[in-house]
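Visitor: Dropping in target-v5.csv, with CSV, C-alpha atoms.
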```csv
chain,number,residue,atom,x,y,z
A,284,MET,CA,91.2,42.6,105.6
A,285,ALA,CA,91.2,46.2,104.5
A,286,PRO,CA,89.2,47.1,101.4
A,287,ASP,CA,91.3,47.8,98.3
A,288,TRP,CA,90.7,51.5,97.8
A,289,HIS,CA,93.4,51.9,95.1
A,290,PRO,CA,93.4,48.8,92.9
A,291,GLU,CA,95.8,50.5,90.4
A,292,ARG,CA,98.5,50.6,93.1
A,293,HIS,CA,100.6,47.9,94.6
A,294,GLU,CA,98.8,45.8,97.2
A,295,LEU,CA,100.9,47.4,100.0
A,296,HIS,CA,99.7,50.9,99.0
A,297,GLY,CA,98.8,52.7,102.2
A,298,ILE,CA,100.4,50.2,104.5
A,299,THR,CA,103.3,51.0,106.8
A,300,VAL,CA,106.2,48.8,105.8
A,301,VAL,CA,109.8,48.0,106.9
A,302,VAL,CA,112.2,48.1,104.0
A,303,ASP,CA,115.5,46.5,104.9
A,304,THR,CA,118.4,47.1,102.6
A,305,ARG,CA,121.6,45.1,101.8
A,306,GLY,CA,123.5,47.9,103.4
A,307,ALA,CA,123.4,49.6,106.9
A,308,GLU,CA,120.1,51.5,106.2
A,309,ILE,CA,116.6,50.3,107.1
A,310,TYR,CA,113.5,52.3,106.3
A,311,VAL,CA,110.0,52.5,107.8
A,312,GLY,CA,107.3,54.4,105.9
A,313,ARG,CA,103.9,54.2,104.3
A,314,CYS,CA,104.2,52.4,101.0
A,315,ASP,CA,102.8,54.5,98.2
A,316,ASP,CA,103.7,52.2,95.3
A,317,MET,CA,106.3,49.8,94.1
A,318,ASP,CA,107.3,47.9,91.0
A,319,ASP,CA,110.3,45.8,90.0
A,320,GLN,CA,112.5,48.9,89.8
A,321,ARG,CA,111.6,51.0,92.9
A,322,VAL,CA,109.8,51.3,96.2
A,323,ILE,CA,108.1,54.6,97.0
A,324,LEU,CA,107.6,55.4,100.7
A,325,LEU,CA,105.7,58.4,102.2
A,326,ASP,CA,106.2,59.8,105.7
A,327,ALA,CA,109.3,57.7,106.2
A,328,ASP,CA,112.1,57.3,108.7
A,329,MET,CA,115.5,55.9,108.1
A,330,HIS,CA,117.8,54.2,110.6
A,331,LYS,CA,121.4,53.2,110.1
A,332,ASP,CA,122.6,50.0,111.9
A,333,GLY,CA,124.3,51.1,115.1
A,334,ASP,CA,123.0,54.7,115.1
A,335,ASP,CA,121.9,55.8,118.6
A,336,GLY,CA,123.3,52.5,119.9
A,337,ARG,CA,120.5,50.6,118.3
A,338,THR,CA,120.7,47.7,115.8
A,339,LYS,CA,118.3,47.5,112.9
A,340,SER,CA,116.2,45.0,114.8
A,341,GLU,CA,116.1,47.1,117.9
A,342,TYR,CA,115.0,50.1,115.9
A,343,VAL,CA,112.2,48.0,114.2
A,344,GLU,CA,111.0,46.7,117.6
A,345,ARG,CA,110.6,50.2,118.8
A,346,ALA,CA,108.9,51.3,115.6
A,347,ALA,CA,106.5,48.4,115.9
A,348,GLN,CA,105.5,49.5,119.4
A,349,PHE,CA,105.0,53.2,118.9
A,350,GLY,CA,105.5,54.1,115.2
A,351,ILE,CA,108.1,56.4,113.8
A,352,TRP,CA,109.0,60.1,113.6
A,353,LYS,CA,109.1,60.9,109.9
A,354,LYS,CA,112.2,62.4,108.4
A,355,PHE,CA,111.2,62.3,104.8
A,356,ASP,CA,107.9,63.2,103.1
A,357,ARG,CA,108.7,60.9,100.2
A,358,LEU,CA,111.5,58.5,99.4
A,359,GLU,CA,112.2,56.5,96.3
A,360,LEU,CA,114.4,53.4,96.9
A,361,ALA,CA,115.9,51.2,94.2
A,362,GLN,CA,114.7,47.6,94.4
A,363,SER,CA,118.3,46.5,93.7
A,364,ASP,CA,119.2,47.8,97.2
A,365,VAL,CA,116.3,46.2,98.9
A,366,ALA,CA,116.8,43.0,100.9
A,367,SER,CA,113.3,42.6,102.3
A,368,ILE,CA,109.9,44.3,102.7
A,369,ARG,CA,107.4,43.5,105.4
A,370,ARG,CA,104.5,45.0,107.1
A,371,LEU,CA,105.4,46.9,110.3
A,372,GLY,CA,102.1,45.7,111.8
A,373,GLU,CA,103.3,42.1,111.5
A,374,VAL,CA,106.6,42.6,113.3
B,215,MET,CA,92.8,71.7,104.8
B,216,PRO,CA,89.9,70.2,106.7
B,217,TYR,CA,87.2,68.2,104.9
B,218,SER,CA,83.6,69.4,104.7
B,219,GLU,CA,81.8,68.9,108.0
B,220,LEU,CA,78.9,67.4,106.0
B,221,MET,CA,81.2,64.6,105.0
B,222,VAL,CA,82.9,64.2,108.4
B,223,ALA,CA,79.7,64.3,110.5
B,224,PRO,CA,78.9,60.5,110.1
B,225,MET,CA,82.5,59.7,111.0
B,226,ARG,CA,82.1,61.7,114.2
B,227,ALA,CA,78.7,60.2,114.9
B,228,GLU,CA,80.0,56.7,114.6
B,229,LEU,CA,82.0,57.2,117.9
B,230,ALA,CA,79.7,59.7,119.5
B,231,SER,CA,76.8,57.3,119.3
B,232,VAL,CA,78.6,54.8,121.5
B,233,GLY,CA,79.5,57.3,124.2
B,234,PHE,CA,82.6,59.1,123.0
B,235,GLU,CA,82.9,62.7,124.1
B,236,GLU,CA,84.1,64.8,121.1
B,237,LEU,CA,87.0,67.1,122.1
B,238,ARG,CA,86.8,69.9,119.5
B,239,THR,CA,89.1,72.5,121.2
B,240,ALA,CA,92.3,72.6,123.1
B,241,GLU,CA,90.3,73.5,126.2
B,242,ASP,CA,88.2,70.4,125.7
B,243,VAL,CA,91.3,68.3,125.7
B,244,ASP,CA,92.8,70.0,128.7
B,245,ALA,CA,89.5,69.4,130.6
B,246,PHE,CA,89.5,65.7,129.6
B,247,MET,CA,93.1,65.2,130.5
B,248,SER,CA,92.9,67.0,133.8
B,249,GLN,CA,90.6,64.3,135.1
B,250,LYS,CA,93.3,61.7,135.9
B,251,GLU,CA,91.5,59.3,138.1
B,252,GLY,CA,90.4,56.0,136.5
B,253,THR,CA,90.7,54.8,133.0
B,254,ALA,CA,90.1,56.5,129.7
B,255,LEU,CA,90.2,55.6,126.0
B,256,LEU,CA,91.1,58.4,123.6
B,257,ILE,CA,90.7,57.8,119.9
B,258,LEU,CA,92.4,59.9,117.2
B,259,ASN,CA,89.8,59.6,114.5
B,260,SER,CA,90.6,60.3,110.9
B,261,VAL,CA,89.0,60.3,107.4
B,262,CYS,CA,91.2,57.6,106.0
B,263,GLY,CA,89.9,54.2,104.9
B,264,CYS,CA,91.5,52.3,107.8
B,265,ALA,CA,89.6,54.5,110.3
B,266,ALA,CA,86.3,53.7,108.5
B,267,GLY,CA,87.0,50.0,107.9
B,268,GLN,CA,88.9,48.9,110.9
B,269,ALA,CA,89.4,51.5,113.7
B,270,ARG,CA,85.9,52.8,114.4
B,271,PRO,CA,84.1,49.4,113.9
B,272,GLY,CA,86.8,47.8,116.0
B,273,VAL,CA,86.4,50.3,118.8
B,274,ARG,CA,82.6,49.9,118.8
B,275,LYS,CA,82.9,46.1,119.0
B,276,ALA,CA,85.5,46.3,121.8
B,277,LEU,CA,83.1,48.4,123.8
B,278,GLU,CA,80.7,45.5,123.9
B,279,HIS,CA,83.2,43.8,126.2
B,280,SER,CA,82.4,43.4,129.9
B,281,VAL,CA,85.5,45.4,130.8
B,282,ARG,CA,85.8,48.9,129.4
B,283,PRO,CA,87.3,52.2,130.2
B,284,ASP,CA,85.6,54.7,132.6
B,285,ARG,CA,85.7,57.5,130.1
B,286,LEU,CA,85.7,57.7,126.3
B,287,ALA,CA,86.8,60.7,124.2
B,288,THR,CA,87.9,61.4,120.6
B,289,VAL,CA,89.7,64.0,118.7
B,290,PHE,CA,89.6,64.3,114.9
B,291,ALA,CA,92.9,64.5,113.0
B,292,GLY,CA,92.9,67.0,110.1
B,293,GLN,CA,89.6,68.5,111.3
B,294,ASP,CA,90.0,69.8,114.9
B,295,VAL,CA,93.6,70.8,114.4
B,296,GLU,CA,94.1,72.7,117.6
B,297,ALA,CA,92.5,69.9,119.7
B,298,VAL,CA,94.7,67.2,118.0
B,299,ALA,CA,97.8,69.2,118.6
B,300,ARG,CA,97.0,69.7,122.2
B,301,ALA,CA,96.2,66.0,122.6
B,302,ARG,CA,99.5,65.0,121.0
B,303,GLY,CA,101.3,67.4,123.3
B,304,TYR,CA,100.2,65.2,126.2
B,305,PHE,CA,101.9,62.2,124.6
B,306,ALA,CA,105.0,63.9,123.3
B,307,ASP,CA,107.1,60.8,123.3
B,308,ILE,CA,104.8,59.0,120.9
B,309,PRO,CA,105.1,59.8,117.2
B,310,PRO,CA,102.0,61.3,115.6
B,311,SER,CA,99.7,58.6,114.1
B,312,SER,CA,96.1,58.6,112.9
B,313,PRO,CA,94.0,56.8,113.4
B,314,SER,CA,95.4,55.7,116.7
B,315,MET,CA,94.2,54.8,120.2
B,316,VAL,CA,95.5,55.7,123.6
B,317,LEU,CA,94.4,53.9,126.8
B,318,LEU,CA,95.1,55.8,129.9
B,319,LYS,CA,95.1,54.9,133.6
B,320,ASP,CA,95.3,57.5,136.2
B,321,GLY,CA,96.5,59.9,133.6
B,322,GLU,CA,99.3,57.7,132.3
B,323,VAL,CA,99.5,56.0,128.9
B,324,ILE,CA,99.3,52.3,129.5
B,325,TYR,CA,98.5,51.1,126.0
B,326,PHE,CA,98.9,52.5,122.5
B,327,VAL,CA,97.6,51.3,119.2
B,328,PRO,CA,99.3,53.1,116.3
B,329,ARG,CA,98.0,53.3,112.8
B,330,HIS,CA,100.2,50.4,111.5
B,331,ARG,CA,98.4,48.0,113.9
B,332,ILE,CA,95.1,49.1,112.5
B,333,GLU,CA,95.6,49.6,108.7
B,334,SER,CA,96.1,46.1,107.5
B,335,ARG,CA,94.0,44.2,110.0
B,336,SER,CA,90.3,43.5,110.4
B,337,ALA,CA,87.9,45.3,112.7
B,338,ASP,CA,87.7,42.1,114.7
B,339,ASP,CA,91.5,42.0,115.1
B,340,VAL,CA,91.5,45.6,116.3
B,341,ALA,CA,88.6,44.8,118.7
B,342,ALA,CA,90.5,41.8,120.0
B,343,ASP,CA,93.6,43.9,120.7
B,344,LEU,CA,91.6,46.4,122.6
B,345,THR,CA,89.6,44.0,124.7
B,346,ALA,CA,92.8,42.1,125.6
B,347,ALA,CA,94.2,45.5,126.7
B,348,PHE,CA,91.1,46.2,128.7
B,349,ASP,CA,91.4,42.8,130.5
B,350,ARG,CA,95.1,43.2,131.1
B,351,TYR,CA,95.3,46.8,132.2
B,352,ILE,CA,91.9,47.8,133.5
B,353,ALA,CA,90.5,44.9,135.5
B,354,ALA,CA,89.4,41.3,135.4
B,355,PRO,CA,85.7,40.9,134.4
B,356,THR,CA,83.3,40.8,137.3
B,357,PRO,CA,81.7,37.3,137.6
B,358,ALA,CA,78.0,37.3,136.6
```
Once more with this new file: its structure as structure tokens, please.
Guide:
Amino acid sequence: MAPDWHPERHELHGITVVVDTRGAEIYVGRCDDMDDQRVILLDADMHKDGDDGRTKSEYVERAAQFGIWKKFDRLELAQSDVASIRRLGEV
Amino acid sequence: MPYSELMVAPMRAELASVGFEELRTAEDVDAFMSQKEGTALLILNSVCGCAAGQARPGVRKALEHSVRPDRLATVFAGQDVEAVARARGYFADIPPSSPSMVLLKDGEVIYFVPRHRIESRSADDVAADLTAAFDRYIAAPTPA
């Protein structure tokens, strides 16, 4: 496993994650930090279910293969909106 | 802003010492990419921890495999800015990612390993991914 370079941060710090929400949006980005209130993503992309004719899962499949084009340098998401968080590398 | 070359030199040497040609300019990249025949592995090196802990050691281990690409080259993200931009221009459909790895056959991308498939895995996992790609896309090993 990767060495823990920043032990003060969440264990997913520096890892590219998929953050699915309870709504239509799904995010992929590099996790900077998270706690029980928020998730902070860097260099992130957002997809809305059905945009460009792609479902959330189709978008994630493509992202897992090639990565993402970032739309946001930094995003802060409320944990109350988050349905799941997983590593993109494990998709 | 690029890091000090003093700090980066060992990161370059880790790949150069196993046969990677360093592409430091756009012209170097063009010259490398103009040779389309055969197979090539291009590594986008970087200063980040996953390059040090997983990418470079994984690549070095993969190159111990019996099947390997004909040519090896590397560009250094954040350091050789012009060369990296030119290299990414050849793979315009693929989002920027560093470290990352591109396997080419006859000038076409046949396999790509983005950062997210490096960052949370071991060097052995990265090596296994690459050697599987070598076996699948380059050739079957020659019997001893």
Visitor: Write out as a PyMOL selection string which residues come within 8 Å of range 231-242 of chain B when counting all atoms listed in the file, dropping same-chain ones fewer than 6 positions away.
Guide: chain B and resi 274+285-290+294+296-301
Visitor: As a VMD selection string, please: the residues near range 326-338 of chain B (cut-off 7 Å, all atoms listed in the file, same-chain neighbours under 5 positions excluded).
Guide: (chain A and resid 284 to 285 298 to 299 349 to 350 371 to 372) or (chain B and resid 264 267 to 269 271 to 272 311 to 317)
Visitor: Any idea what's packed within 6 Å of Asp326 in chain A, counting all atoms listed in the file, ignoring anything in its chain fewer than 6 positions away? Could you give it as a VMD selection string?
Guide: chain A and resid 312 353 355 to 356
Visitor: Find the distance between CA of Leu318 in chain B and CA of Val301 in chain A and write it in Å to one decimal.
Guide: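 Separation of CA of Leu318 in chain B and CA of Val301 in chain A: 28.4 Å.
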Visitor: What separation in Å, quoted to one decimal, exists between CA of Val302 in chain A and CA of Ile368 in chain A?
Guide: 4.6 Å
Visitor: Do a neighbour search on Gly297 in chain A at 8 Å with only C-alpha atoms, toss out local chain neighbours closer than 4 positions, and write the hits as a PyMOL selection string.
Guide: (chain A and resi 313-315) or (chain B and resi 333)
Visitor: One number please: CA of Leu344 in chain B to CA of Val273 in chain B, in Å, one decimal.
Guide: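 Straight-line distance from CA of Leu344 in chain B to CA of Val273 in chain B works out to 7.5 Å.
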Visitor: Taking all listed atoms of range 235-249 of chain B, build the axis-aligned box, pad each of the six sides by 4 Å, then write its centre and edge lengths in Å to one decimal as AutoDock Vina command-line options.
Guide:
```
--center_x 88.0 --center_y 68.1 --center_z 127.3 --size_x 18.2 --size_y 18.8 --size_z 23.6
```
Visitor: Quick one: residues within 8 Å of Val365 in chain A, all atoms listed in the file counted, chain neighbours fewer than 2 positions away excluded, as a list of chain:residue names?
Guide: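 Residues meeting the cut-off are A:Val302, A:Asp303, A:Thr304, A:Arg305, A:Leu360, A:Ala361, A:Gln362, A:Ser363, A:Ser367, A:Ile368.
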Visitor: Using C-alpha atoms, can you export the residues from the last selection as a tab-separated table (two decimals), in the frame of the given file?
Guide:
```
chain	number	residue	atom	x	y	z
A	302	VAL	CA	112.20	48.10	104.00
A	303	ASP	CA	115.50	46.50	104.90
A	304	THR	CA	118.40	47.10	102.60
A	305	ARG	CA	121.60	45.10	101.80
A	360	LEU	CA	114.40	53.40	96.90
A	361	ALA	CA	115.90	51.20	94.20
A	362	GLN	CA	114.70	47.60	94.40
A	363	SER	CA	118.30	46.50	93.70
A	367	SER	CA	113.30	42.60	102.30
A	368	ILE	CA	109.90	44.30	102.70
```
Visitor: May I ask which of the residues B:Met221, B:Ala227, B:Ala245, B:Arg282 is the closest one to Val261 in chain B, counting only C-alpha atoms?
Guide: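 Of B:Met221, B:Ala227, B:Ala245, B:Arg282, the one nearest Val261 in chain B, counting only C-alpha atoms, is B:Met221.
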Visitor: Using all atoms listed in the file, which of the listed residues (B:Ala291, B:Met247, B:Ala276, B:Leu229) sits closest to Tyr217 in chain B?
Guide: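 Using all atoms listed in the file, the shortest distance to Tyr217 in chain B belongs to B:Ala291.
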